[in-house]
file input33.pdb (PDB, C-alpha atoms)
ATOM      1  CA  MET A   1       6.141 -10.740 -20.549
ATOM      2  CA  PRO A   2       2.536 -11.643 -21.357
ATOM      3  CA  GLU A   3       0.250  -8.691 -20.632
ATOM      4  CA  LEU A   4      -3.500  -8.558 -20.019
ATOM      5  CA  PRO A   5      -4.588  -9.432 -23.603
ATOM      6  CA  GLU A   6      -2.204 -12.380 -23.767
ATOM      7  CA  VAL A   7      -3.303 -13.713 -20.373
ATOM      8  CA  GLU A   8      -6.956 -13.280 -21.335
ATOM      9  CA  THR A   9      -6.287 -15.228 -24.538
ATOM     10  CA  VAL A  10      -4.689 -18.037 -22.508
ATOM     11  CA  ARG A  11      -7.625 -17.984 -20.058
ATOM     12  CA  THR A  12     -10.099 -18.464 -22.887
ATOM     13  CA  GLY A  13      -8.104 -21.349 -24.339
ATOM     14  CA  LEU A  14      -7.711 -23.119 -20.999
ATOM     15  CA  SER A  15     -11.393 -22.677 -20.159
ATOM     16  CA  ARG A  16     -12.450 -24.593 -23.254
ATOM     17  CA  SER A  17     -10.434 -27.643 -22.241
ATOM     18  CA  TRP A  18     -10.201 -27.483 -18.454
ATOM     19  CA  LYS A  19     -13.617 -26.351 -17.242
ATOM     20  CA  GLY A  20     -15.487 -29.277 -15.666
ATOM     21  CA  ARG A  21     -12.461 -31.584 -15.826
ATOM     22  CA  ARG A  22     -11.101 -33.472 -12.821
ATOM     23  CA  ILE A  23      -7.369 -33.421 -12.080
ATOM     24  CA  ASP A  24      -6.325 -37.078 -11.834
ATOM     25  CA  GLY A  25      -2.581 -36.605 -11.580
ATOM     26  CA  VAL A  26       0.110 -33.976 -10.953
ATOM     27  CA  ASP A  27       3.796 -34.369 -11.787
ATOM     28  CA  LEU A  28       6.122 -31.731 -10.337
ATOM     29  CA  ARG A  29       9.516 -31.788 -12.043
ATOM     30  CA  ARG A  30      11.123 -29.340  -9.595
ATOM     31  CA  ASN A  31      10.485 -27.822  -6.164
ATOM     32  CA  SER A  32       9.859 -24.233  -7.198
ATOM     33  CA  LEU A  33       9.433 -21.609  -9.893
ATOM     34  CA  ARG A  34       9.794 -17.985  -8.782
ATOM     35  CA  PHE A  35       8.658 -19.186  -5.345
ATOM     36  CA  PRO A  36       8.604 -22.674  -3.796
ATOM     37  CA  PHE A  37       5.491 -24.710  -4.490
ATOM     38  CA  PRO A  38       3.126 -24.875  -1.504
ATOM     39  CA  GLU A  39       3.349 -27.836   0.843
ATOM     40  CA  ASN A  40       1.360 -30.885  -0.338
ATOM     41  CA  PHE A  41       0.780 -29.185  -3.699
ATOM     42  CA  GLU A  42      -0.015 -32.417  -5.538
ATOM     43  CA  GLU A  43      -2.350 -33.675  -2.810
ATOM     44  CA  GLN A  44      -4.304 -30.421  -2.853
ATOM     45  CA  LEU A  45      -4.898 -30.721  -6.606
ATOM     46  CA  VAL A  46      -5.465 -34.410  -7.288
ATOM     47  CA  GLY A  47      -9.165 -35.276  -7.310
ATOM     48  CA  ARG A  48     -10.298 -31.676  -7.599
ATOM     49  CA  VAL A  49     -12.649 -30.569 -10.372
ATOM     50  CA  ILE A  50     -11.920 -27.311 -12.218
ATOM     51  CA  VAL A  51     -15.075 -25.225 -11.832
ATOM     52  CA  ASP A  52     -14.023 -22.049 -13.662
ATOM     53  CA  ILE A  53     -11.017 -20.062 -14.872
ATOM     54  CA  ARG A  54     -10.878 -16.332 -14.238
ATOM     55  CA  ARG A  55      -8.303 -13.594 -14.772
ATOM     56  CA  ARG A  56      -7.210 -10.885 -12.325
ATOM     57  CA  ALA A  57      -4.682  -8.512 -13.876
ATOM     58  CA  LYS A  58      -2.020 -10.852 -15.308
ATOM     59  CA  TYR A  59      -2.938 -13.753 -13.019
ATOM     60  CA  LEU A  60      -4.976 -16.814 -13.980
ATOM     61  CA  LEU A  61      -7.303 -17.930 -11.181
ATOM     62  CA  ILE A  62      -8.430 -21.540 -11.510
ATOM     63  CA  ASP A  63     -11.434 -22.192  -9.247
ATOM     64  CA  LEU A  64     -11.549 -25.687  -7.742
ATOM     65  CA  ASP A  65     -14.592 -27.534  -6.415
ATOM     66  CA  ASP A  66     -13.375 -27.441  -2.792
ATOM     67  CA  GLY A  67     -13.373 -23.624  -2.764
ATOM     68  CA  ASN A  68      -9.628 -23.240  -3.185
ATOM     69  CA  VAL A  69      -8.066 -21.418  -6.126
ATOM     70  CA  LEU A  70      -5.004 -22.390  -8.151
ATOM     71  CA  LEU A  71      -3.145 -19.185  -9.000
ATOM     72  CA  SER A  72      -0.948 -19.111 -12.102
ATOM     73  CA  HIS A  73       1.274 -16.281 -13.325
ATOM     74  CA  LEU A  74       3.205 -16.834 -16.549
ATOM     75  CA  GLY A  75       6.157 -14.666 -15.584
ATOM     76  CA  MET A  76       8.475 -13.757 -18.455
ATOM     77  CA  SER A  77       8.356 -16.958 -20.481
ATOM     78  CA  GLY A  78       5.795 -19.343 -18.999
ATOM     79  CA  LYS A  79       3.083 -21.051 -21.024
ATOM     80  CA  TRP A  80       0.460 -23.764 -20.636
ATOM     81  CA  THR A  81       0.220 -26.315 -23.436
ATOM     82  CA  LEU A  82      -2.943 -28.372 -23.927
ATOM     83  CA  ASP A  83      -3.201 -31.994 -25.010
ATOM     84  CA  ALA A  84       0.550 -32.468 -24.956
ATOM     85  CA  SER A  85       1.579 -35.773 -26.525
ATOM     86  CA  GLU A  86       5.017 -35.479 -24.927
ATOM     87  CA  CYS A  87       6.158 -33.813 -21.733
ATOM     88  CA  GLU A  88       9.860 -34.516 -21.579
ATOM     89  CA  GLY A  89      11.143 -31.047 -22.440
ATOM     90  CA  LYS A  90      13.921 -29.504 -20.361
ATOM     91  CA  HIS A  91      11.635 -26.695 -19.211
ATOM     92  CA  ASP A  92       8.442 -28.737 -18.680
ATOM     93  CA  HIS A  93       8.112 -28.169 -14.940
ATOM     94  CA  VAL A  94       4.515 -29.131 -14.098
ATOM     95  CA  VAL A  95       2.306 -31.745 -15.749
ATOM     96  CA  LEU A  96      -1.449 -32.127 -15.143
ATOM     97  CA  LEU A  97      -3.323 -35.291 -16.120
ATOM     98  CA  LEU A  98      -7.057 -34.668 -16.539
ATOM     99  CA  ASP A  99      -9.900 -37.186 -16.363
ATOM    100  CA  ASP A 100     -10.498 -37.127 -20.119
ATOM    101  CA  GLY A 101      -6.966 -38.448 -20.657
ATOM    102  CA  SER A 102      -5.529 -35.123 -21.805
ATOM    103  CA  ILE A 103      -2.188 -33.866 -20.526
ATOM    104  CA  SER A 104      -1.476 -30.186 -19.859
ATOM    105  CA  VAL A 105       2.088 -28.977 -19.359
ATOM    106  CA  TYR A 106       3.447 -25.807 -17.784
ATOM    107  CA  ASN A 107       6.699 -24.866 -19.533
ATOM    108  CA  ASP A 108       8.852 -21.979 -18.284
ATOM    109  CA  PRO A 109      12.484 -21.565 -19.418
ATOM    110  CA  ARG A 110      13.200 -18.599 -17.115
ATOM    111  CA  ARG A 111      11.183 -19.967 -14.186
ATOM    112  CA  PHE A 112       9.770 -16.526 -13.269
ATOM    113  CA  GLY A 113       6.229 -17.885 -13.218
ATOM    114  CA  VAL A 114       4.155 -18.580 -10.120
ATOM    115  CA  LEU A 115       1.910 -21.490  -9.145
ATOM    116  CA  ASP A 116       0.198 -21.355  -5.771
ATOM    117  CA  ILE A 117      -3.008 -22.428  -4.028
ATOM    118  CA  PHE A 118      -5.054 -20.171  -1.767
ATOM    119  CA  ASP A 119      -8.487 -20.018  -0.169
ATOM    120  CA  GLY A 120      -9.946 -17.711  -2.815
ATOM    121  CA  ILE A 121     -10.385 -14.847  -0.364
ATOM    122  CA  SER A 122      -7.021 -13.135  -0.106
ATOM    123  CA  HIS A 123      -3.567 -13.538  -1.637
ATOM    124  CA  LYS A 124      -0.546 -11.281  -1.151
ATOM    125  CA  LEU A 125       0.009 -11.030  -4.922
ATOM    126  CA  LEU A 126      -3.555  -9.840  -5.549
ATOM    127  CA  ASP A 127      -4.461  -7.691  -2.551
ATOM    128  CA  HIS A 128      -2.694  -4.516  -3.737
ATOM    129  CA  LEU A 129      -4.002  -4.535  -7.310
ATOM    130  CA  GLY A 130      -5.894  -1.598  -8.822
ATOM    131  CA  PRO A 131      -8.989  -1.664 -11.038
ATOM    132  CA  GLU A 132      -9.466  -3.765 -14.155
ATOM    133  CA  PRO A 133      -9.352  -1.462 -17.220
ATOM    134  CA  LEU A 134     -12.154  -3.326 -19.008
ATOM    135  CA  GLU A 135     -14.513  -3.357 -16.027
ATOM    136  CA  LEU A 136     -15.597  -0.666 -13.549
ATOM    137  CA  TRP A 137     -12.912   1.914 -14.290
ATOM    138  CA  ASP A 138     -13.457   5.508 -15.346
ATOM    139  CA  CYS A 139     -11.685   8.813 -15.896
ATOM    140  CA  GLU A 140     -12.541  10.054 -12.396
ATOM    141  CA  ASP A 141     -10.744   7.080 -10.841
ATOM    142  CA  LEU A 142      -7.687   7.581 -13.043
ATOM    143  CA  PHE A 143      -7.618  11.335 -12.421
ATOM    144  CA  SER A 144      -7.803  10.854  -8.638
ATOM    145  CA  LYS A 145      -4.781   8.522  -8.744
ATOM    146  CA  LEU A 146      -2.729  10.821 -10.985
ATOM    147  CA  LYS A 147      -3.396  14.259  -9.512
ATOM    148  CA  ASN A 148      -0.764  14.002  -6.755
ATOM    149  CA  ARG A 149       1.825  11.977  -8.647
ATOM    150  CA  LYS A 150       5.070  13.527  -9.833
ATOM    151  CA  SER A 151       6.072  10.566 -11.999
ATOM    152  CA  ALA A 152       5.737  10.524 -15.787
ATOM    153  CA  ILE A 153       2.341   9.414 -17.047
ATOM    154  CA  LYS A 154       3.883   6.398 -18.845
ATOM    155  CA  ILE A 155       5.396   5.187 -15.552
ATOM    156  CA  ALA A 156       2.071   5.701 -13.743
ATOM    157  CA  LEU A 157       0.179   3.583 -16.274
ATOM    158  CA  LEU A 158       2.543   0.686 -15.571
ATOM    159  CA  ASP A 159       1.835   0.882 -11.824
ATOM    160  CA  GLN A 160      -0.525  -2.000 -11.014
ATOM    161  CA  LYS A 161      -2.014   0.048  -8.163
ATOM    162  CA  VAL A 162      -3.214   2.661 -10.670
ATOM    163  CA  VAL A 163      -4.697   0.215 -13.184
ATOM    164  CA  VAL A 164      -3.834  -3.405 -13.862
ATOM    165  CA  GLY A 165      -2.601  -5.143 -16.960
ATOM    166  CA  VAL A 166      -1.890  -2.230 -19.303
ATOM    167  CA  GLY A 167       1.789  -3.079 -19.774
ATOM    168  CA  ASN A 168       4.551  -1.335 -21.676
ATOM    169  CA  ILE A 169       3.339  -2.001 -25.219
ATOM    170  CA  TYR A 170      -0.236  -0.922 -24.657
ATOM    171  CA  ALA A 171       0.763   2.121 -22.601
ATOM    172  CA  CYS A 172       2.884   3.366 -25.534
ATOM    173  CA  GLU A 173       0.072   2.789 -27.998
ATOM    174  CA  ALA A 174      -2.649   4.350 -25.827
ATOM    175  CA  LEU A 175      -0.583   7.465 -25.105
ATOM    176  CA  TYR A 176       0.080   7.838 -28.828
ATOM    177  CA  LYS A 177      -3.612   7.516 -29.701
ATOM    178  CA  SER A 178      -4.419  10.034 -26.932
ATOM    179  CA  LYS A 179      -1.733  12.462 -28.216
ATOM    180  CA  ILE A 180      -0.198  12.674 -24.743
ATOM    181  CA  SER A 181       3.567  12.806 -24.246
ATOM    182  CA  PRO A 182       4.821   9.848 -22.175
ATOM    183  CA  GLN A 183       7.052  12.327 -20.340
ATOM    184  CA  ARG A 184       4.213  14.511 -19.050
ATOM    185  CA  LEU A 185       3.930  14.568 -15.269
ATOM    186  CA  SER A 186       0.950  12.561 -14.073
ATOM    187  CA  CYS A 187      -0.270  15.461 -11.949
ATOM    188  CA  ASN A 188      -0.555  17.614 -15.081
ATOM    189  CA  ILE A 189      -2.928  15.264 -16.914
ATOM    190  CA  SER A 190      -6.389  16.853 -17.080
ATOM    191  CA  ILE A 191      -9.693  15.109 -16.435
ATOM    192  CA  ASP A 192     -10.501  15.359 -20.170
ATOM    193  CA  GLU A 193      -7.162  13.762 -21.042
ATOM    194  CA  CYS A 194      -7.900  11.014 -18.501
ATOM    195  CA  ARG A 195     -11.227  10.434 -20.250
ATOM    196  CA  THR A 196      -9.413  10.052 -23.574
ATOM    197  CA  LEU A 197      -6.784   7.751 -22.044
ATOM    198  CA  VAL A 198      -9.371   5.472 -20.457
ATOM    199  CA  ARG A 199     -11.206   5.222 -23.783
ATOM    200  CA  GLU A 200      -8.060   4.483 -25.807
ATOM    201  CA  ILE A 201      -6.731   1.951 -23.291
ATOM    202  CA  ARG A 202     -10.018   0.075 -23.434
ATOM    203  CA  ILE A 203     -10.083   0.145 -27.223
ATOM    204  CA  ILE A 204      -6.507  -1.048 -27.634
ATOM    205  CA  LEU A 205      -6.821  -3.841 -25.057
ATOM    206  CA  THR A 206     -10.083  -5.028 -26.585
ATOM    207  CA  GLU A 207      -8.551  -5.048 -30.071
ATOM    208  CA  ALA A 208      -5.520  -6.963 -28.799
ATOM    209  CA  ILE A 209      -7.710  -9.594 -27.125
ATOM    210  CA  LYS A 210      -9.722 -10.056 -30.322
ATOM    211  CA  ALA A 211      -6.462 -10.474 -32.252
ATOM    212  CA  GLY A 212      -5.201 -13.121 -29.830
ATOM    213  CA  GLY A 213      -2.520 -11.071 -28.080
ATOM    214  CA  SER A 214       0.892  -9.999 -29.296
ATOM    215  CA  THR A 215       3.556 -12.095 -30.972
ATOM    216  CA  LEU A 216       6.562 -10.888 -29.030
ATOM    217  CA  LYS A 217       9.487 -13.175 -28.281
ATOM    218  CA  ASP A 218       7.947 -16.564 -27.510
ATOM    219  CA  PHE A 219       4.348 -15.732 -26.656
ATOM    220  CA  ALA A 220       1.822 -18.180 -28.065
ATOM    221  CA  ASN A 221      -1.671 -19.273 -27.134
ATOM    222  CA  VAL A 222      -2.238 -22.632 -25.441
ATOM    223  CA  ASP A 223      -2.819 -24.295 -28.824
ATOM    224  CA  GLY A 224       0.446 -22.913 -30.187
ATOM    225  CA  THR A 225      -1.082 -20.221 -32.392
ATOM    226  CA  LEU A 226       0.512 -16.785 -32.352
ATOM    227  CA  GLY A 227      -1.152 -13.443 -31.753
ATOM    228  CA  TYR A 228      -1.423 -10.899 -34.560
ATOM    229  CA  PHE A 229      -1.832  -7.587 -32.754
ATOM    230  CA  PRO A 230       1.764  -6.400 -33.501
ATOM    231  CA  HIS A 231       0.708  -5.817 -37.097
ATOM    232  CA  GLN A 232      -1.495  -3.004 -35.767
ATOM    233  CA  PHE A 233       1.192  -1.223 -33.716
ATOM    234  CA  LYS A 234       1.432   2.483 -34.523
ATOM    235  CA  VAL A 235       4.552   3.408 -32.556
ATOM    236  CA  TYR A 236       5.759   0.441 -30.499
ATOM    237  CA  ASP A 237       9.092  -0.798 -31.886
ATOM    238  CA  LYS A 238       8.730   1.678 -34.802
ATOM    239  CA  GLU A 239      11.708   3.892 -33.999
ATOM    240  CA  GLY A 240      12.728   5.900 -37.041
ATOM    241  CA  ASN A 241       9.444   5.358 -38.892
ATOM    242  CA  MET A 242       7.386   8.306 -40.044
ATOM    243  CA  CYS A 243       4.314   9.136 -37.971
ATOM    244  CA  GLY A 244       1.037   9.997 -39.697
ATOM    245  CA  CYS A 245       1.548  13.612 -38.612
ATOM    246  CA  GLY A 246       4.825  13.811 -40.517
ATOM    247  CA  GLY A 247       7.038  13.490 -37.463
ATOM    248  CA  ILE A 248       9.422  10.631 -36.676
ATOM    249  CA  VAL A 249       8.822   7.929 -34.071
ATOM    250  CA  GLU A 250      11.444   8.155 -31.341
ATOM    251  CA  ARG A 251      12.560   5.878 -28.515
ATOM    252  CA  LEU A 252      13.462   6.802 -24.958
ATOM    253  CA  ILE A 253      14.060   4.810 -21.783
ATOM    254  CA  GLN A 254      11.674   5.236 -18.857
ATOM    255  CA  GLY A 255      11.955   3.106 -15.765
ATOM    256  CA  GLY A 256      14.256   0.723 -17.614
ATOM    257  CA  ARG A 257      11.674   0.140 -20.382
ATOM    258  CA  SER A 258      11.649   1.383 -23.977
ATOM    259  CA  THR A 259       9.044   4.028 -24.756
ATOM    260  CA  PHE A 260       8.135   4.731 -28.380
ATOM    261  CA  TRP A 261       6.433   8.009 -29.222
ATOM    262  CA  CYS A 262       6.171  10.956 -31.596
ATOM    263  CA  SER A 263       7.324  14.254 -30.126
ATOM    264  CA  SER A 264       5.605  16.153 -32.950
ATOM    265  CA  CYS A 265       2.037  15.152 -32.088
ATOM    266  CA  GLN A 266       2.240  13.922 -28.487
ATOM    267  CA  LYS A 267       2.283  16.932 -26.215
TER
END
call {"tool": "encode", "arguments": {"input": "input33.pdb", "output": "structure tokens"}}
result
Amino acid sequence: MPELPEVETVRTGLSRSWKGRRIDGVDLRRNSLRFPFPENFEEQLVGRVIVDIRRRAKYLLIDLDDGNVLLSHLGMSGKWTLDASECEGKHDHVVLLLDDGSISVYNDPRRFGVLDIFDGISHKLLDHLGPEPLELWDCEDLFSKLKNRKSAIKIALLDQKVVVGVGNIYACEALYKSKISPQRLSCNISIDECRTLVREIRIILTEAIKAGGSTLKDFANVDGTLGYFPHQFKVYDKEGNMCGCGGIVERLIQGGRSTFWCSSCQK
């Protein structure tokens, strides 16, 4: 699933081509993705100008000139393709025709993505979300959310109410860089360790954004280019490799997800 760096990479790519463009046509190839499309979806989009494209957690928020917002979540396998010369693929579910003649296609083999329109004030998928890790977020906020939790710190970092967009890959990498065991109880993480975690999470997410996201499964940017951050992974998907401390990278399952870590240096 695309995480924060991948979604931010997509946002940047879409902004270059969509910002200031008018939507002249919408072709829906089905009635729903993860959820049904809103009533009169096409009518609400046609004629609208795209004012801006923002990101909240893993959601793309496309601001329209009438004050409404088109919400897009890529799910497990969704992607937007720009300037598509053809849009007849089996999984091409939504096609946008823009006023410059370009065609943008939303393709989603698993159909776990979301497309919805709301008033820009409140949406049920956004209202519960925690702070953005690259904005106003600090160790005090993280510590206050962990101090009463009995879950493992790795599980807590994946909770979107604690902090948004970190994701499984980046949680593994940040815990490794912070030398914190993913199995430690959240309530036992000190304020100093929270300070280190916040710093490392910010560093790793920033590096991943600069690298264009992660090439995992079928993730690609809107222009088809692949991310290169996986080449910088220290522990993720490195089971059996030697750690820099001399230990061996191990894998365990937490909350149904693979965690990669070094038991020799992560305490």
call {"tool": "atom_distance", "arguments": {"input": "input33.pdb", "atom1": "CA of Gln160 in chain A", "atom2": "CA of Gln266 in chain A"}}
result
23.8 Å
call {"tool": "atom_distance", "arguments": {"input": "input33.pdb", "atom1": "CA of Gly67 in chain A", "atom2": "CA of Ile209 in chain A"}}
result
28.7 Å
call {"tool": "closest_atom_pairs", "arguments": {"input": "input33.pdb", "of": "range 127-240 of chain A", "to": "range 253-264 of chain A", "cutoff": "12 Å", "atoms": "all atoms listed in the file", "output": "Markdown table"}}
result
| residue | atom | partner | partner_atom | distance |
| --- | --- | --- | --- | --- |
| A:Ser151 | CA | A:Gly255 | CA | 10.2 |
| A:Ala152 | CA | A:Gln254 | CA | 8.5 |
| A:Ile153 | CA | A:Gln254 | CA | 10.4 |
| A:Lys154 | CA | A:Gln254 | CA | 7.9 |
| A:Ile155 | CA | A:Gly255 | CA | 6.9 |
| A:Ala156 | CA | A:Gly255 | CA | 10.4 |
| A:Leu157 | CA | A:Gly255 | CA | 11.8 |
| A:Leu158 | CA | A:Gly255 | CA | 9.7 |
| A:Asp159 | CA | A:Gly255 | CA | 11.1 |
| A:Gly167 | CA | A:Arg257 | CA | 10.4 |
| A:Asn168 | CA | A:Arg257 | CA | 7.4 |
| A:Ile169 | CA | A:Thr259 | CA | 8.3 |
| A:Tyr170 | CA | A:Thr259 | CA | 10.5 |
| A:Ala171 | CA | A:Thr259 | CA | 8.8 |
| A:Cys172 | CA | A:Phe260 | CA | 6.1 |
| A:Glu173 | CA | A:Phe260 | CA | 8.3 |
| A:Ala174 | CA | A:Trp261 | CA | 10.4 |
| A:Leu175 | CA | A:Trp261 | CA | 8.2 |
| A:Tyr176 | CA | A:Trp261 | CA | 6.4 |
| A:Lys177 | CA | A:Trp261 | CA | 10.1 |
| A:Ser178 | CA | A:Trp261 | CA | 11.3 |
| A:Lys179 | CA | A:Cys262 | CA | 8.7 |
| A:Ile180 | CA | A:Trp261 | CA | 9.3 |
| A:Ser181 | CA | A:Ser263 | CA | 7.1 |
| A:Pro182 | CA | A:Trp261 | CA | 7.5 |
| A:Gln183 | CA | A:Gln254 | CA | 8.6 |
| A:Arg184 | CA | A:Ser263 | CA | 11.5 |
| A:Phe233 | CA | A:Phe260 | CA | 10.6 |
| A:Lys234 | CA | A:Trp261 | CA | 9.1 |
| A:Val235 | CA | A:Phe260 | CA | 5.7 |
| A:Tyr236 | CA | A:Phe260 | CA | 5.3 |
| A:Asp237 | CA | A:Phe260 | CA | 6.6 |
| A:Lys238 | CA | A:Phe260 | CA | 7.1 |
| A:Glu239 | CA | A:Phe260 | CA | 6.7 |
| A:Gly240 | CA | A:Phe260 | CA | 9.9 |
call {"tool": "write_last_selection", "arguments": {"input": "input33.pdb", "atoms": "C-alpha atoms", "output": "PDB file, in the frame of the given file"}}
result
ATOM      1  CA  SER A 151       6.072  10.566 -11.999  1.00  0.00           C
ATOM      2  CA  ALA A 152       5.737  10.524 -15.787  1.00  0.00           C
ATOM      3  CA  ILE A 153       2.341   9.414 -17.047  1.00  0.00           C
ATOM      4  CA  LYS A 154       3.883   6.398 -18.845  1.00  0.00           C
ATOM      5  CA  ILE A 155       5.396   5.187 -15.552  1.00  0.00           C
ATOM      6  CA  ALA A 156       2.071   5.701 -13.743  1.00  0.00           C
ATOM      7  CA  LEU A 157       0.179   3.583 -16.274  1.00  0.00           C
ATOM      8  CA  LEU A 158       2.543   0.686 -15.571  1.00  0.00           C
ATOM      9  CA  ASP A 159       1.835   0.882 -11.824  1.00  0.00           C
ATOM     10  CA  GLY A 167       1.789  -3.079 -19.774  1.00  0.00           C
ATOM     11  CA  ASN A 168       4.551  -1.335 -21.676  1.00  0.00           C
ATOM     12  CA  ILE A 169       3.339  -2.001 -25.219  1.00  0.00           C
ATOM     13  CA  TYR A 170      -0.236  -0.922 -24.657  1.00  0.00           C
ATOM     14  CA  ALA A 171       0.763   2.121 -22.601  1.00  0.00           C
ATOM     15  CA  CYS A 172       2.884   3.366 -25.534  1.00  0.00           C
ATOM     16  CA  GLU A 173       0.072   2.789 -27.998  1.00  0.00           C
ATOM     17  CA  ALA A 174      -2.649   4.350 -25.827  1.00  0.00           C
ATOM     18  CA  LEU A 175      -0.583   7.465 -25.105  1.00  0.00           C
ATOM     19  CA  TYR A 176       0.080   7.838 -28.828  1.00  0.00           C
ATOM     20  CA  LYS A 177      -3.612   7.516 -29.701  1.00  0.00           C
ATOM     21  CA  SER A 178      -4.419  10.034 -26.932  1.00  0.00           C
ATOM     22  CA  LYS A 179      -1.733  12.462 -28.216  1.00  0.00           C
ATOM     23  CA  ILE A 180      -0.198  12.674 -24.743  1.00  0.00           C
ATOM     24  CA  SER A 181       3.567  12.806 -24.246  1.00  0.00           C
ATOM     25  CA  PRO A 182       4.821   9.848 -22.175  1.00  0.00           C
ATOM     26  CA  GLN A 183       7.052  12.327 -20.340  1.00  0.00           C
ATOM     27  CA  ARG A 184       4.213  14.511 -19.050  1.00  0.00           C
ATOM     28  CA  PHE A 233       1.192  -1.223 -33.716  1.00  0.00           C
ATOM     29  CA  LYS A 234       1.432   2.483 -34.523  1.00  0.00           C
ATOM     30  CA  VAL A 235       4.552   3.408 -32.556  1.00  0.00           C
ATOM     31  CA  TYR A 236       5.759   0.441 -30.499  1.00  0.00           C
ATOM     32  CA  ASP A 237       9.092  -0.798 -31.886  1.00  0.00           C
ATOM     33  CA  LYS A 238       8.730   1.678 -34.802  1.00  0.00           C
ATOM     34  CA  GLU A 239      11.708   3.892 -33.999  1.00  0.00           C
ATOM     35  CA  GLY A 240      12.728   5.900 -37.041  1.00  0.00           C
TER      36      GLY A 240
END
call {"tool": "closest_residue", "arguments": {"input": "input33.pdb", "among": "A:Pro5, A:Leu64, A:Ser72, A:Met242", "to": "Ile203 in chain A", "atoms": "only C-alpha atoms"}}
result
A:Pro5
call {"tool": "closest_residue", "arguments": {"input": "input33.pdb", "among": "A:Gly101, A:Leu71, A:Val7, A:Arg56", "to": "Arg21 in chain A", "atoms": "all atoms listed in the file"}}
result
A:Gly101
call {"tool": "residues_around", "arguments": {"input": "input33.pdb", "residues": "Ile23 in chain A", "least_positions_apart": "2", "cutoff": "8 Å", "atoms": "all atoms listed in the file", "output": "list in words"}}
result
Arg21, Gly25, Val26, Leu45, Val46, Gly47, Arg48, Val49, Ile50, Leu96, Leu97, Leu98 and Asp99 of chain A
call {"tool": "atom_distance", "arguments": {"input": "input33.pdb", "atom1": "CA of Lys79 in chain A", "atom2": "CA of His128 in chain A"}}
result
24.6 Å
call {"tool": "closest_residue", "arguments": {"input": "input33.pdb", "among": "A:Val163, A:Met1, A:Val10, A:Ile103", "to": "Gly212 in chain A", "atoms": "all atoms listed in the file"}}
result
A:Val10
call {"tool": "closest_residue", "arguments": {"input": "input33.pdb", "among": "A:Lys58, A:His73, A:His91, A:Arg34", "to": "Gly165 in chain A", "atoms": "all atoms listed in the file"}}
result
A:Lys58
call {"tool": "residues_near_point", "arguments": {"input": "input33.pdb", "point": "(-4.7, -11.2, -18.8)", "cutoff": "10 Å", "atoms": "only C-alpha atoms", "output": "ChimeraX atom specification"}}
result
/A:2-12,54-60,73-74,132,164-166,205,209,213
call {"tool": "closest_residue", "arguments": {"input": "input33.pdb", "among": "A:Lys147, A:Val162, A:Val249, A:Phe41", "to": "Asn188 in chain A", "atoms": "all atoms listed in the file"}}
result
A:Lys147
call {"tool": "decode", "arguments": {"input": "input33.pdb", "residues": "range 151-162 of chain A", "atoms": "N, CA and C atoms", "output": "PDB file, in the first residue's frame"}}
result
ATOM      1  N   SER A 151       0.104  -1.598  24.092  1.00  0.00           N
ATOM      2  CA  SER A 151       0.479  -2.259  22.841  1.00  0.00           C
ATOM      3  C   SER A 151       1.963  -2.047  22.557  1.00  0.00           C
ATOM      4  N   ALA A 152       2.507  -2.876  21.679  1.00  0.00           N
ATOM      5  CA  ALA A 152       3.909  -2.731  21.267  1.00  0.00           C
ATOM      6  C   ALA A 152       4.086  -1.412  20.530  1.00  0.00           C
ATOM      7  N   ILE A 153       5.265  -0.826  20.665  1.00  0.00           N
ATOM      8  CA  ILE A 153       5.529   0.471  20.052  1.00  0.00           C
ATOM      9  C   ILE A 153       5.356   0.418  18.528  1.00  0.00           C
ATOM     10  N   LYS A 154       5.744  -0.677  17.892  1.00  0.00           N
ATOM     11  CA  LYS A 154       5.565  -0.802  16.435  1.00  0.00           C
ATOM     12  C   LYS A 154       4.090  -0.704  16.069  1.00  0.00           C
ATOM     13  N   ILE A 155       3.226  -1.362  16.826  1.00  0.00           N
ATOM     14  CA  ILE A 155       1.781  -1.320  16.561  1.00  0.00           C
ATOM     15  C   ILE A 155       1.250   0.094  16.761  1.00  0.00           C
ATOM     16  N   ALA A 156       1.738   0.784  17.792  1.00  0.00           N
ATOM     17  CA  ALA A 156       1.277   2.148  18.081  1.00  0.00           C
ATOM     18  C   ALA A 156       1.628   3.101  16.945  1.00  0.00           C
ATOM     19  N   LEU A 157       2.814   2.940  16.361  1.00  0.00           N
ATOM     20  CA  LEU A 157       3.234   3.837  15.290  1.00  0.00           C
ATOM     21  C   LEU A 157       2.401   3.662  14.021  1.00  0.00           C
ATOM     22  N   LEU A 158       1.736   2.522  13.895  1.00  0.00           N
ATOM     23  CA  LEU A 158       0.877   2.283  12.739  1.00  0.00           C
ATOM     24  C   LEU A 158      -0.541   2.788  12.967  1.00  0.00           C
ATOM     25  N   ASP A 159      -0.847   3.201  14.196  1.00  0.00           N
ATOM     26  CA  ASP A 159      -2.174   3.715  14.533  1.00  0.00           C
ATOM     27  C   ASP A 159      -2.286   5.151  14.020  1.00  0.00           C
ATOM     28  N   GLN A 160      -3.200   5.392  13.096  1.00  0.00           N
ATOM     29  CA  GLN A 160      -3.336   6.706  12.476  1.00  0.00           C
ATOM     30  C   GLN A 160      -3.842   7.776  13.447  1.00  0.00           C
ATOM     31  N   LYS A 161      -4.301   7.357  14.629  1.00  0.00           N
ATOM     32  CA  LYS A 161      -4.684   8.338  15.647  1.00  0.00           C
ATOM     33  C   LYS A 161      -3.461   8.842  16.412  1.00  0.00           C
ATOM     34  N   VAL A 162      -2.398   8.053  16.411  1.00  0.00           N
ATOM     35  CA  VAL A 162      -1.152   8.451  17.087  1.00  0.00           C
ATOM     36  C   VAL A 162      -0.363   9.400  16.194  1.00  0.00           C
TER      37      VAL A 162
END
